[in-house]
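A short worksheet on the structure shown next.
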Amino acid sequence: MSTTEQNVYGMLAEFEDAGALLRAARKVREAGYSNFDAHSPFPIHGMDEAMGEQRSPLGWIVGIMGLIGGGGALLMQWWTSAVNYPVIVGGKPFFSLPAFIPITFELTILLAAFGAVFGMLYLNRLPKLFHPNFFSNRFERVTDGGFFMSIEASDPQFEVDRTRSYLESLGSTGVEVIPASETEGSGEEQ
Amino acid sequence: MSDATTTQESLLGGNQTYHSVTEAISRVTEEKTPRMWYLTFSLVFSLALLFLGSIGYLFFKGVGIWGLQIPVGWGYAITNFVFWVGIGHAGTLISAILLLFRQHWRTSINRFAEAMTIFAVICALIFPGIHVGRPWVIYWVFPYPNQMSIWPNFRSPLLWDFFAVGTYFTVSLMFWYVGLVPDLAMLRDRAKHRLRKLVYGIFSIGWRGSNKNWKHYELAVLILAGLATPLVLSVHSVVSFDFAVGIIPGWHSTIFPPYFVAGAIFSGFAMVMTLAVITRKAYGLEDFITINHLEKMNIIMLVTGSMVAYSYVIELFTAWYSGNIYEQFIAMTRMTGPYAWAYWTMIFCNVVVPQFFWSKRLRRNVPVMFVASILINVGMWFERFVIVVSSLAQDFVPSSWDYFAPSVWDIIMLIGSFGLFLSLFMLFIRWLPMVAASEVKGILPQSETH
């Protein structure tokens, strides 16, 4: 309401259910918006396609981390057991590959899992404890049963009035403007 | 997708909506702590304190306070270690392997099965840690450059164990936490109290259900499941190498890795069952953990129990067929020797008890499965006891034979580890969402988009 053009982060529109949000996402993309996102309590099947999202590159991160883990483990065991301080144990060769497999395997998994978790956090830019969407009071329902579409003001297509009426025409049950920073009264606006 | 929808209806009881799921799961962490919780917690927590106290005494006196002697240098501590690691495996199986097989029924039980995994592995890690004799230099297992300029022996199964169980703990913890994030955000968004909002806010790392986040998140969960599946199979295989790589009769056997893995899943499901039966009753979650869920777990116990029974038979066959007198002797001694009582307890609990689950009526009967799950865990503890102790007590030279009897500290620490496990589990139930709300919402019929 009281938000001026300069202090607009974006727009948040609520939808009835997962299906309505999915159809809206498809329409919003077809209308030429690029900087928008869908928010839901659970991942919606087919949403990536509707939004035109590309495949996550996480697999590459995990693969590379796994190779580093496995290669590093083998290298470490070879260098410590056969080069830096060779000790004869049970008459086995210094570089006893079969005996080195378990640790190589475990460290492959460990580093790949680190890649999956920290890679995911990096790609998602998380942790990010605050986001302007949290200015909205109704956005709290996104973890309960609310379905939202957000369009950021940085989108070239974005224009407060036009975007608002477009979202309403898609069947949104409530559209609100998200301020970029806290303004007076923005907290209790509904 | 249509056949999936029809099975979805029977997954949850009642007419669930998104909000009713949120309510039912969040309520447990939000309402006033029930009086029964305090009573139970004070009991199990005093056992946990007893455990910590006895560890202190152990550090003061040394491992001589246990019933260990020569030849039985591995007694209760290693039995407990294998037992607790095994318990953990069901959690990973439910969260990872059933995810890969798209078994939607797992969503009701995966969260607390994973929590159980983590607490069981904590209990497991304590035992070898305090068994090493000089626990204050336990960090020597890390390959770090040191002033002695030597390295750990990478050819030793005991070191493999450290890497395997350490990796298992780390990966399970990350998997569990990643799964918790959307549900922690749910608790954050419902929090009334400022402190509560702050704490859940920090741990939910600013999750806002964004599809751009879900995209990476879902793939991360899938990859973690893919990584955890071979990991869980490797962990108990490596644990079994502690025995199988040794030359002790009754240990030196190639069937050990699959035999241990099957046993681990068997005992883990029994523990999930024990906890699930109590928790769903205490918190009225019968609509989420339905009788169908329990029945499916009973079927898995029947299957893995049969694998364990098969392994027992094959163990005897291998001993006979090997033509090795020591192997044959130890096989006979287990059945008829000084530990025959433990062996036959094991056979009764692990082979006879699960057979009741052939009957559909019995495997849908809650009191029956509750008693069976406890008996199975007793049996699985004895299985490890029989393996560890009977082989050591009667090895090659009769002059060195001895009978292992636990000391009071052995028994206190075994009971105390249950106290620690249950204390952690009760704290989890009190403060964290014990059912994966975001996953359950994703399988509700109304989540279908067409």
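Simple scheme: letters A, B, ... for chains in structure tokens order, numbers from 1 for residues in each chain, numbers from 1 for ligands in the order shown.
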Using only C-alpha atoms, find which residues of chain A lie within 6 Å of chain B and jot them down as a PDB file with N, CA and C atoms, in the first residue's frame.
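Saved to result21.pdb:
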ATOM      1  N   ALA A  18      -2.008 -26.814  -5.713  1.00  0.00           N
ATOM      2  CA  ALA A  18      -0.809 -27.109  -6.482  1.00  0.00           C
ATOM      3  C   ALA A  18      -1.062 -27.009  -7.988  1.00  0.00           C
ATOM      4  N   GLY A  19      -2.216 -27.500  -8.411  1.00  0.00           N
ATOM      5  CA  GLY A  19      -2.532 -27.475  -9.838  1.00  0.00           C
ATOM      6  C   GLY A  19      -2.649 -26.053 -10.353  1.00  0.00           C
ATOM      7  N   ALA A  38       8.114 -20.206  -7.756  1.00  0.00           N
ATOM      8  CA  ALA A  38       6.914 -20.780  -7.150  1.00  0.00           C
ATOM      9  C   ALA A  38       7.285 -21.284  -5.769  1.00  0.00           C
ATOM     10  N   HIS A  39       6.371 -21.133  -4.820  1.00  0.00           N
ATOM     11  CA  HIS A  39       6.646 -21.569  -3.454  1.00  0.00           C
ATOM     12  C   HIS A  39       5.548 -22.514  -2.994  1.00  0.00           C
ATOM     13  N   SER A  40       5.955 -23.650  -2.439  1.00  0.00           N
ATOM     14  CA  SER A  40       4.949 -24.643  -2.054  1.00  0.00           C
ATOM     15  C   SER A  40       5.460 -25.447  -0.872  1.00  0.00           C
ATOM     16  N   PRO A  41       4.544 -26.076  -0.133  1.00  0.00           N
ATOM     17  CA  PRO A  41       4.974 -26.857   1.044  1.00  0.00           C
ATOM     18  C   PRO A  41       5.721 -28.127   0.673  1.00  0.00           C
ATOM     19  N   PHE A  42       5.589 -28.564  -0.551  1.00  0.00           N
ATOM     20  CA  PHE A  42       6.286 -29.778  -1.002  1.00  0.00           C
ATOM     21  C   PHE A  42       6.630 -29.564  -2.466  1.00  0.00           C
ATOM     22  N   PRO A  43       7.611 -30.270  -2.993  1.00  0.00           N
ATOM     23  CA  PRO A  43       7.959 -30.082  -4.406  1.00  0.00           C
ATOM     24  C   PRO A  43       6.814 -30.531  -5.302  1.00  0.00           C
ATOM     25  N   SER A  56      19.324 -29.395 -12.581  1.00  0.00           N
ATOM     26  CA  SER A  56      20.290 -29.010 -11.553  1.00  0.00           C
ATOM     27  C   SER A  56      21.675 -29.576 -11.870  1.00  0.00           C
ATOM     28  N   ALA A  99      43.395 -54.271   0.477  1.00  0.00           N
ATOM     29  CA  ALA A  99      43.176 -53.783   1.839  1.00  0.00           C
ATOM     30  C   ALA A  99      42.860 -52.293   1.856  1.00  0.00           C
ATOM     31  N   ILE A 103      38.562 -48.186   2.694  1.00  0.00           N
ATOM     32  CA  ILE A 103      38.678 -46.767   3.043  1.00  0.00           C
ATOM     33  C   ILE A 103      38.504 -45.901   1.798  1.00  0.00           C
ATOM     34  N   GLU A 106      34.796 -45.687   1.344  1.00  0.00           N
ATOM     35  CA  GLU A 106      34.119 -44.851   2.344  1.00  0.00           C
ATOM     36  C   GLU A 106      34.385 -43.371   2.091  1.00  0.00           C
ATOM     37  N   LEU A 110      31.904 -40.297   1.427  1.00  0.00           N
ATOM     38  CA  LEU A 110      31.874 -39.161   2.349  1.00  0.00           C
ATOM     39  C   LEU A 110      31.991 -37.845   1.584  1.00  0.00           C
ATOM     40  N   ALA A 116      27.038 -33.244  -2.171  1.00  0.00           N
ATOM     41  CA  ALA A 116      25.584 -33.166  -2.356  1.00  0.00           C
ATOM     42  C   ALA A 116      24.982 -32.129  -1.415  1.00  0.00           C
ATOM     43  N   MET A 120      24.286 -28.370  -2.712  1.00  0.00           N
ATOM     44  CA  MET A 120      22.877 -27.973  -2.728  1.00  0.00           C
ATOM     45  C   MET A 120      22.707 -26.629  -2.026  1.00  0.00           C
ATOM     46  N   ASN A 124      21.512 -23.165  -3.822  1.00  0.00           N
ATOM     47  CA  ASN A 124      20.286 -22.532  -3.333  1.00  0.00           C
ATOM     48  C   ASN A 124      20.557 -21.219  -2.626  1.00  0.00           C
ATOM     49  N   PRO A 127      22.551 -21.008   3.775  1.00  0.00           N
ATOM     50  CA  PRO A 127      21.527 -20.341   4.564  1.00  0.00           C
ATOM     51  C   PRO A 127      21.390 -18.862   4.212  1.00  0.00           C
ATOM     52  N   LYS A 128      20.175 -18.418   4.156  1.00  0.00           N
ATOM     53  CA  LYS A 128      19.865 -17.013   3.938  1.00  0.00           C
ATOM     54  C   LYS A 128      18.697 -16.741   4.873  1.00  0.00           C
ATOM     55  N   LEU A 129      19.032 -16.279   6.068  1.00  0.00           N
ATOM     56  CA  LEU A 129      18.028 -16.280   7.128  1.00  0.00           C
ATOM     57  C   LEU A 129      16.899 -15.295   6.865  1.00  0.00           C
ATOM     58  N   GLU A 140       3.715 -17.039   5.612  1.00  0.00           N
ATOM     59  CA  GLU A 140       3.945 -18.081   6.626  1.00  0.00           C
ATOM     60  C   GLU A 140       3.272 -19.393   6.245  1.00  0.00           C
ATOM     61  N   THR A 143       4.710 -23.078   4.341  1.00  0.00           N
ATOM     62  CA  THR A 143       5.165 -24.355   4.890  1.00  0.00           C
ATOM     63  C   THR A 143       4.002 -25.178   5.432  1.00  0.00           C
ATOM     64  N   ASP A 144       2.805 -24.605   5.378  1.00  0.00           N
ATOM     65  CA  ASP A 144       1.634 -25.328   5.877  1.00  0.00           C
ATOM     66  C   ASP A 144       0.849 -25.894   4.697  1.00  0.00           C
ATOM     67  N   GLY A 145       0.092 -25.033   4.013  1.00  0.00           N
ATOM     68  CA  GLY A 145      -0.646 -25.517   2.858  1.00  0.00           C
ATOM     69  C   GLY A 145      -0.863 -24.408   1.832  1.00  0.00           C
TER      70      GLY A 145
END
For this session: Would you mind writing down, as an MDAnalysis selection string, each residue of segment 12-179 of chain A that DSSP on the backbone assigns to strand (DSSP E)?
Result: chainID A and resid 12:15 36:39 147:152 174:179
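As for atom CA of Phe112 of chain B and atom CA of Phe45 of chain B, they are spaced 19.2 Å apart.
Computed from the coordinates, the atom CA of Ile330 of chain B to atom CA of Ser373 of chain B distance equals 29.1 Å.
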Exercise. Can you list, as number ranges by chain, every protein, DNA or RNA residue that comes within 9 Å of Ser311 of chain B when you count only C-alpha atoms, leaving out same-chain residues fewer than 6 positions away?
Worked result: B: 255-256, 258-259
With N, CA and C atoms retained, write the just-selected residues as a PDB file, in the first residue's frame.
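Saved to out29.pdb:
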ATOM      1  N   ILE B 255      30.813 -65.677   4.492  1.00  0.00           N
ATOM      2  CA  ILE B 255      29.392 -65.341   4.487  1.00  0.00           C
ATOM      3  C   ILE B 255      29.109 -64.151   5.408  1.00  0.00           C
ATOM      4  N   PHE B 256      30.101 -63.749   6.190  1.00  0.00           N
ATOM      5  CA  PHE B 256      29.850 -62.725   7.190  1.00  0.00           C
ATOM      6  C   PHE B 256      29.263 -61.414   6.653  1.00  0.00           C
ATOM      7  N   PRO B 258      27.243 -60.432   3.987  1.00  0.00           N
ATOM      8  CA  PRO B 258      25.783 -60.416   3.769  1.00  0.00           C
ATOM      9  C   PRO B 258      24.988 -60.841   5.006  1.00  0.00           C
ATOM     10  N   TYR B 259      25.566 -61.775   5.762  1.00  0.00           N
ATOM     11  CA  TYR B 259      24.908 -62.266   6.976  1.00  0.00           C
ATOM     12  C   TYR B 259      24.757 -61.109   7.976  1.00  0.00           C
TER      13      TYR B 259
END
For this session: Rank B:Val232, B:Ala124, B:Val366, B:Ile130 by their smallest atom-to-atom distance to Ala264 of chain B, using only C-alpha atoms, and report the top residue only.
Result: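 Using only C-alpha atoms, Ala264 of chain B sits closest to B:Val232.
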Exercise. Which polymer residues have any atom within 10 Å of an atom of Arg29 of chain A, counting only C-alpha atoms, with same-chain residues fewer than 5 positions away left out, as a list in words?
Worked result: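 Here the qualifying residues turn out to be Ala24, Ser34, Asn35, Phe36, Ala50, Met51 and Gly52 of chain A.
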Problem set entry | Contacts of Tyr343 of chain B within 10 Å, only C-alpha atoms, excl. fewer than 3 positions in-chain, as a list in words |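 Surrounding residues, per the criterion: Thr333, Arg334, Met335, Thr336, Gly337, Pro338, Tyr339, Ala340, Met346, Ile347, Phe348, Gly379, Phe382, Glu383, Phe385, Val386, Ile387 and Ser390 of chain B.
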For this session: Might you pull out every residue within 10 Å of Trp37 of chain B, with only C-alpha atoms counted and same-chain residues fewer than 5 positions away left off, and present them as a PyMOL selection string?
Result: chain B and resi 42-43+282+426-427+429-430
Exercise. So how many Å separate atom CA of Lys360 of chain B and atom CA of Arg102 of chain B, to one decimal?
Worked result: 24.0 Å
Exercise. Which of segment 209-440 of chain B counts as helix (DSSP H, G or I) under DSSP, as a PyMOL selection string please?
Worked result: chain B and resi 211-244+256-282+291-322+325-336+340-358+360-363+366-393+398-400+408-431+437-440
